[in-house]
file data_11.cif (mmCIF, C-alpha atoms)
data_data
#
loop_
_atom_site.label_atom_id
_atom_site.label_comp_id
_atom_site.auth_asym_id
_atom_site.auth_seq_id
_atom_site.Cartn_x
_atom_site.Cartn_y
_atom_site.Cartn_z
CA MET A 201 33.51 115.65 -142.57
CA GLU A 202 31.71 119.01 -142.25
CA ASN A 203 32.34 120.97 -139.08
CA ASN A 204 28.70 121.91 -138.62
CA ASP A 205 27.72 118.26 -138.78
CA VAL A 206 30.23 116.96 -136.31
CA ASN A 207 27.76 115.80 -133.68
CA LYS A 208 25.83 113.76 -136.20
CA GLN A 209 28.93 111.99 -137.40
CA LEU A 210 29.59 108.66 -135.74
CA PRO A 211 33.20 107.62 -135.39
CA LYS A 212 34.05 105.32 -138.25
CA VAL A 213 35.92 102.05 -137.89
CA GLU A 214 37.06 100.52 -141.14
CA LEU A 215 39.14 97.43 -141.65
CA ILE A 216 41.28 97.77 -144.74
CA ASP A 217 41.53 94.35 -146.40
CA GLY A 218 44.93 92.85 -145.71
CA GLY A 219 45.98 95.95 -143.82
CA PRO A 220 45.37 98.08 -140.76
CA ILE A 221 42.18 99.29 -139.18
CA ARG A 222 41.34 102.94 -139.75
CA ILE A 223 39.48 104.71 -136.97
CA SER A 224 38.35 108.27 -137.50
CA GLY A 225 36.19 110.67 -135.54
CA ASN A 226 35.91 111.78 -131.96
CA ILE A 227 37.79 109.09 -130.05
CA ILE A 228 39.74 108.43 -126.89
CA LEU A 229 42.68 106.23 -127.74
CA GLU A 230 44.28 104.54 -124.76
CA ASP A 231 47.37 102.43 -125.06
CA LEU A 232 47.52 100.42 -121.86
CA LYS A 233 50.95 98.95 -122.52
CA ARG A 234 52.66 102.29 -123.06
CA ASP A 235 50.35 104.17 -120.74
CA ILE A 236 49.48 106.91 -123.21
CA ALA A 237 46.17 108.38 -124.22
CA THR A 238 45.06 110.79 -126.93
CA ARG A 239 41.62 112.25 -127.29
CA GLY A 240 39.61 114.30 -129.76
CA GLU A 241 38.95 114.32 -133.50
CA GLN A 242 41.59 112.21 -135.18
CA THR A 243 42.25 109.50 -137.70
CA VAL A 244 44.52 106.61 -136.72
CA TYR A 245 45.70 103.51 -138.56
CA LEU A 246 46.19 100.66 -136.12
CA CYS A 247 48.16 97.50 -136.86
CA THR A 248 46.20 94.25 -137.13
CA CYS A 249 48.94 92.00 -138.55
CA GLY A 250 51.06 91.85 -135.40
CA ASN A 251 54.28 92.91 -137.14
CA SER A 252 54.45 96.68 -136.81
CA SER A 253 57.56 98.16 -135.23
CA HIS A 254 55.51 101.17 -134.17
CA MET A 255 52.72 99.49 -132.23
CA PRO A 256 49.90 100.13 -131.95
CA TYR A 257 50.15 102.01 -135.25
CA CYS A 258 50.50 100.53 -138.70
CA ASP A 259 53.96 100.93 -140.28
CA GLU A 260 53.05 98.96 -143.41
CA SER A 261 54.85 95.86 -142.20
CA HIS A 262 51.84 93.88 -143.45
CA LEU A 263 53.13 94.49 -146.97
CA LYS A 264 56.40 92.69 -146.16
CA LYS A 265 54.40 89.87 -144.67
CA PHE A 266 52.67 89.27 -147.99
CA ILE A 267 55.81 89.61 -150.06
CA SER A 268 57.75 87.13 -147.96
CA GLY A 269 54.98 84.60 -148.49
CA ARG A 270 54.06 84.22 -144.85
CA GLU A 271 50.40 83.98 -144.20
CA MET B 92 30.53 69.64 -112.07
CA GLU B 93 28.82 69.72 -115.45
CA SER B 94 26.29 72.46 -115.78
CA ASP B 95 22.97 72.12 -117.53
CA LYS B 96 22.76 74.89 -120.12
CA LYS B 97 19.03 75.29 -119.66
CA LEU B 98 19.46 75.79 -115.95
CA GLU B 99 22.49 78.00 -116.31
CA PRO B 100 21.74 80.86 -118.71
CA ARG B 101 24.75 82.69 -117.31
CA GLY B 102 27.02 80.02 -118.68
CA ARG B 103 29.45 77.65 -117.04
CA ARG B 104 29.47 77.65 -113.31
CA TYR B 105 32.40 77.69 -110.91
CA GLN B 106 31.41 77.41 -107.29
CA GLY B 107 33.65 78.26 -104.37
CA ASP B 108 33.03 78.39 -100.65
CA GLU B 109 31.64 81.93 -100.66
CA ILE B 110 30.87 82.88 -104.24
CA THR B 111 29.92 81.34 -107.57
CA VAL B 112 31.45 82.69 -110.77
CA TYR B 113 29.79 82.19 -114.14
CA TRP B 114 31.37 82.35 -117.55
CA LYS B 115 29.35 82.71 -120.72
CA PRO B 116 31.68 81.92 -123.66
CA SER B 117 29.38 83.51 -126.25
CA ALA B 118 29.65 86.89 -124.50
CA CYS B 119 33.43 86.82 -124.08
CA ILE B 120 35.32 89.25 -126.32
CA HIS B 121 38.76 88.28 -124.98
CA ALA B 122 39.48 91.70 -123.58
CA SER B 123 41.81 89.80 -121.24
CA TYR B 124 41.35 91.80 -118.04
CA CYS B 125 40.66 88.63 -116.04
CA TYR B 126 43.82 86.69 -116.68
CA ARG B 127 46.09 89.75 -116.75
CA GLU B 128 44.85 90.71 -113.32
CA LEU B 129 44.54 87.29 -111.74
CA ILE B 130 46.10 84.42 -113.64
CA GLU B 131 45.93 82.21 -110.52
CA VAL B 132 42.16 82.19 -110.82
CA PHE B 133 41.60 82.80 -114.53
CA ASP B 134 44.04 80.68 -116.49
CA PRO B 135 42.93 80.10 -120.09
CA GLY B 136 45.50 77.32 -120.45
CA ARG B 137 44.12 75.26 -117.57
CA ARG B 138 41.00 73.08 -117.31
CA PRO B 139 38.80 74.09 -115.71
CA TRP B 140 40.15 77.52 -116.50
CA VAL B 141 38.52 79.19 -113.48
CA ASP B 142 39.66 78.21 -109.98
CA VAL B 143 37.73 80.23 -107.40
CA SER B 144 39.80 78.82 -104.53
CA ALA B 145 43.04 80.36 -105.79
CA ALA B 146 42.62 83.94 -104.48
CA PRO B 147 40.75 85.84 -101.77
CA THR B 148 37.05 86.26 -102.53
CA GLU B 149 37.23 90.06 -102.54
CA ARG B 150 39.96 90.07 -105.14
CA ILE B 151 38.04 87.66 -107.39
CA ILE B 152 34.96 89.88 -107.18
CA GLU B 153 37.06 92.92 -108.05
CA VAL B 154 38.44 91.24 -111.17
CA VAL B 155 35.10 89.79 -112.31
CA ASN B 156 33.70 93.33 -112.08
CA MET B 157 36.42 94.46 -114.54
CA CYS B 158 35.07 92.22 -117.28
CA PRO B 159 33.76 94.70 -119.90
CA THR B 160 31.02 92.33 -121.04
CA GLU B 161 28.72 90.03 -119.13
CA ALA B 162 30.87 87.03 -119.94
CA LEU B 163 31.98 86.86 -116.30
CA THR B 164 29.40 87.33 -113.56
CA TRP B 165 29.30 86.36 -109.92
CA LYS B 166 27.01 85.92 -106.92
CA TRP B 167 27.28 85.11 -103.24
CA ASN B 168 26.34 81.56 -102.34
CA ASP B 169 24.47 82.98 -99.37
CA ASP B 170 21.33 84.45 -100.94
CA ALA B 171 20.75 86.87 -98.09
CA LYS B 172 23.99 88.60 -99.06
CA ASN B 173 22.94 88.89 -102.71
CA ASN B 174 20.06 91.12 -101.72
CA LEU B 175 22.47 93.58 -100.11
CA VAL B 176 24.73 94.00 -103.13
CA THR B 177 24.82 97.51 -104.63
CA SER B 178 24.93 98.40 -108.31
CA ASP B 179 28.59 99.44 -108.21
CA GLN B 180 29.18 95.69 -108.31
CA THR B 181 28.87 95.85 -112.07
CA ASN B 182 29.09 92.14 -112.80
CA HIS B 183 26.94 90.79 -110.02
CA VAL B 184 24.17 88.60 -111.46
CA LEU B 185 21.51 91.08 -110.31
CA PHE B 186 22.88 93.99 -112.32
CA LYS B 187 23.44 94.93 -115.90
CA ARG B 188 26.47 96.99 -116.71
CA PRO B 189 25.38 100.58 -117.35
CA GLU B 190 26.72 100.58 -120.90
CA LEU B 191 24.67 97.49 -121.70
CA LEU B 192 21.41 99.15 -120.71
CA GLU B 193 19.02 100.89 -123.11
CA VAL B 194 20.48 103.39 -125.53
CA LYS B 195 20.52 106.90 -124.11
CA GLU B 196 19.32 109.97 -126.01
CA ASP B 197 22.72 111.64 -126.08
CA TRP B 198 24.49 108.65 -127.56
CA GLU B 199 25.82 110.62 -130.52
CA GLU B 200 27.89 112.98 -128.45
CA LYS B 201 30.15 110.58 -126.66
CA PRO B 202 33.62 109.85 -128.00
CA LEU B 203 34.42 106.31 -129.00
CA SER B 204 36.69 104.53 -126.52
CA VAL B 205 39.56 102.73 -128.26
CA ARG B 206 41.70 100.72 -125.88
CA ILE B 207 44.87 98.96 -126.92
CA MET B 208 45.11 96.04 -124.51
CA LYS B 209 48.57 94.96 -123.37
CA ASP B 210 49.72 92.30 -125.83
CA GLY B 211 46.06 91.83 -126.72
CA PRO B 212 43.28 93.19 -128.92
CA ILE B 213 41.85 96.62 -129.62
CA VAL B 214 38.69 97.02 -127.55
CA LEU B 215 36.16 99.45 -129.05
CA LYS B 216 33.38 100.70 -126.86
CA GLY B 217 30.66 103.18 -127.74
CA ASN B 218 28.89 104.27 -130.92
CA PHE B 219 30.47 103.83 -134.31
CA THR B 220 30.05 102.53 -137.82
CA LEU B 221 31.98 99.39 -138.59
CA GLU B 222 33.09 98.36 -142.07
CA TYR B 223 34.94 95.17 -142.91
CA SER B 224 35.06 92.82 -145.91
CA GLY B 225 32.09 94.51 -147.54
CA ASN B 226 29.99 94.51 -144.35
CA LYS B 227 28.82 97.80 -142.96
CA LYS B 228 26.93 98.21 -139.74
CA GLU B 229 26.14 100.77 -137.13
CA VAL B 230 27.04 99.78 -133.59
CA LYS B 231 25.28 101.61 -130.77
CA GLU B 232 26.53 101.39 -127.22
CA GLY B 233 28.40 98.33 -128.30
CA ILE B 234 31.65 96.68 -127.40
CA ILE B 235 33.81 94.61 -129.73
CA SER B 236 37.43 93.56 -129.80
CA ILE B 237 39.58 93.59 -132.89
CA CYS B 238 42.50 91.21 -133.42
CA ARG B 239 45.91 92.86 -133.25
CA CYS B 240 48.16 89.80 -133.54
CA GLY B 241 46.98 88.81 -137.02
CA ALA B 242 46.31 85.19 -136.06
CA SER B 243 42.64 85.15 -135.03
CA ASN B 244 40.48 82.49 -136.61
CA HIS B 245 37.60 84.96 -136.54
CA PHE B 246 39.49 87.87 -138.04
CA PRO B 247 38.99 90.84 -137.75
CA PHE B 248 37.57 89.93 -134.35
CA CYS B 249 39.73 88.70 -131.49
CA ASP B 250 39.26 85.06 -130.47
CA GLY B 251 41.99 84.87 -127.84
CA THR B 252 44.61 83.35 -130.17
CA HIS B 253 47.15 86.09 -129.26
CA ARG B 254 47.73 84.31 -126.01
CA LYS B 255 48.33 80.92 -127.62
CA ILE B 256 50.93 82.32 -130.02
CA GLY B 257 52.58 84.45 -127.31
CA PHE B 258 51.89 87.74 -129.08
CA GLU B 259 53.84 90.55 -127.49
CA ASP B 260 53.79 93.98 -129.05
CA LYS B 261 57.01 95.91 -129.21
#
call {"tool": "encode", "arguments": {"input": "data_11.cif", "output": "structure tokens"}}
result
Amino acid sequence: MENNDVNKQLPKVELIDGGPIRISGNIILEDLKRDIATRGEQTVYLCTCGNSSHMPYCDESHLKKFISGRE
Amino acid sequence: MESDKKLEPRGRRYQGDEITVYWKPSACIHASYCYRELIEVFDPGRRPWVDVSAAPTERIIEVVNMCPTEALTWKWNDDAKNNLVTSDQTNHVLFKRPELLEVKEDWEEKPLSVRIMKDGPIVLKGNFTLEYSGNKKEVKEGIISICRCGASNHFPFCDGTHRKIGFEDK
């Protein structure tokens, strides 16, 4: 992402198959359960499998899920 | 009472003494504000799931106005009162939520709102590009919710299943 092009760049939301969702760009991330918020240019990987021990972030628990044969 | 879909474009209808609440399933993104705030009235496990007699009218209006889409809307049964409602009543049937109005010129500058709902989905609101399973699209002034429990039948989108499986994030 070029600095001089930052206003033209839409935040990008990408679901990684079988894994987390990657969100990058100028965002406001609010975690209502833990009452924390971060704002500004950033890239985050958020858990979508329900098993992370570091919610809302991915901790690669989805890999264990596959290995153990659970859906 | 069964509602006629042609007559009720706002969806299913729940009439109380003072107000009528509408629910349009196709617009619901399961952001879950309604039942987290007021389970007595909005109980997804009950049929009918909306009971407008279970809380004071003012409180029901307050919670319906929290709905981030137009899935939940409301109106006074007394039409004279509807004409006096102001636009801060975001989900009154006469108004459109500001973020659902026409795209503004400065849409590129606003940060994307990413909200992690308590024991619920990720709600994305704003402008962004979305890529999943080979699909790529640009969303402008949009709102979608992404499954976080892993059990949605419409993955990657939330369909409310987190509640059925008792998803609770650590």
call {"tool": "closest_residue", "arguments": {"input": "data_11.cif", "among": "B:Thr160, B:Ser144, B:Gln106, B:Asn218", "to": "Ile120 of chain B", "atoms": "all atoms listed in the file"}}
result
B:Thr160
call {"tool": "axis_aligned_box", "arguments": {"input": "data_11.cif", "around": "segment 205-210 of chain B", "padding_each_side": "5 Å", "output": "AutoDock Vina command-line options"}}
result
--center_x 44.6 --center_y 97.5 --center_z -125.8 --size_x 20.2 --size_y 20.4 --size_z 14.9
call {"tool": "residues_around", "arguments": {"input": "data_11.cif", "residues": "Ser252 of chain A", "least_positions_apart": "2", "cutoff": "12 Å", "atoms": "only C-alpha atoms", "output": "PyMOL selection string"}}
result
(chain A and resi 219-220+245-250+254-265) or (chain B and resi 239-241+259-261)
call {"tool": "interface_residues", "arguments": {"input": "data_11.cif", "of": "chain B", "to": "chain A", "cutoff": "9 Å", "atoms": "all atoms listed in the file", "output": "number ranges by chain"}}
result
B: 199-210, 212-213, 218-224, 227, 229, 237-242, 247, 258-261
call {"tool": "resolve_selection", "arguments": {"input": "data_11.cif", "expression": "the PyMOL selection byres ((chain B and resi 232) around 6)", "output": "PyMOL selection string"}}
result
chain B and resi 217-218+231+233
call {"tool": "atom_distance", "arguments": {"input": "data_11.cif", "atom1": "atom CA of Pro116 of chain B", "atom2": "atom CA of Ala162 of chain B"}}
result
6.4 Å
call {"tool": "atom_distance", "arguments": {"input": "data_11.cif", "atom1": "atom CA of Arg127 of chain B", "atom2": "atom CA of Phe186 of chain B"}}
result
24.0 Å
call {"tool": "atom_distance", "arguments": {"input": "data_11.cif", "atom1": "atom CA of Ile235 of chain B", "atom2": "atom CA of Val244 of chain A"}}
result
17.5 Å
call {"tool": "residues_near_point", "arguments": {"input": "data_11.cif", "point": "(32.2, 90.2, -111.9)", "cutoff": "12 Å", "atoms": "all atoms listed in the file", "output": "PyMOL selection string"}}
result
chain B and resi 101+110-115+124-125+148-167+178-188
call {"tool": "residues_near_point", "arguments": {"input": "data_11.cif", "point": "(41.3, 77.1, -106.8)", "cutoff": "10 Å", "atoms": "only C-alpha atoms", "output": "PyMOL selection string"}}
result
chain B and resi 105-107+131-133+139-146
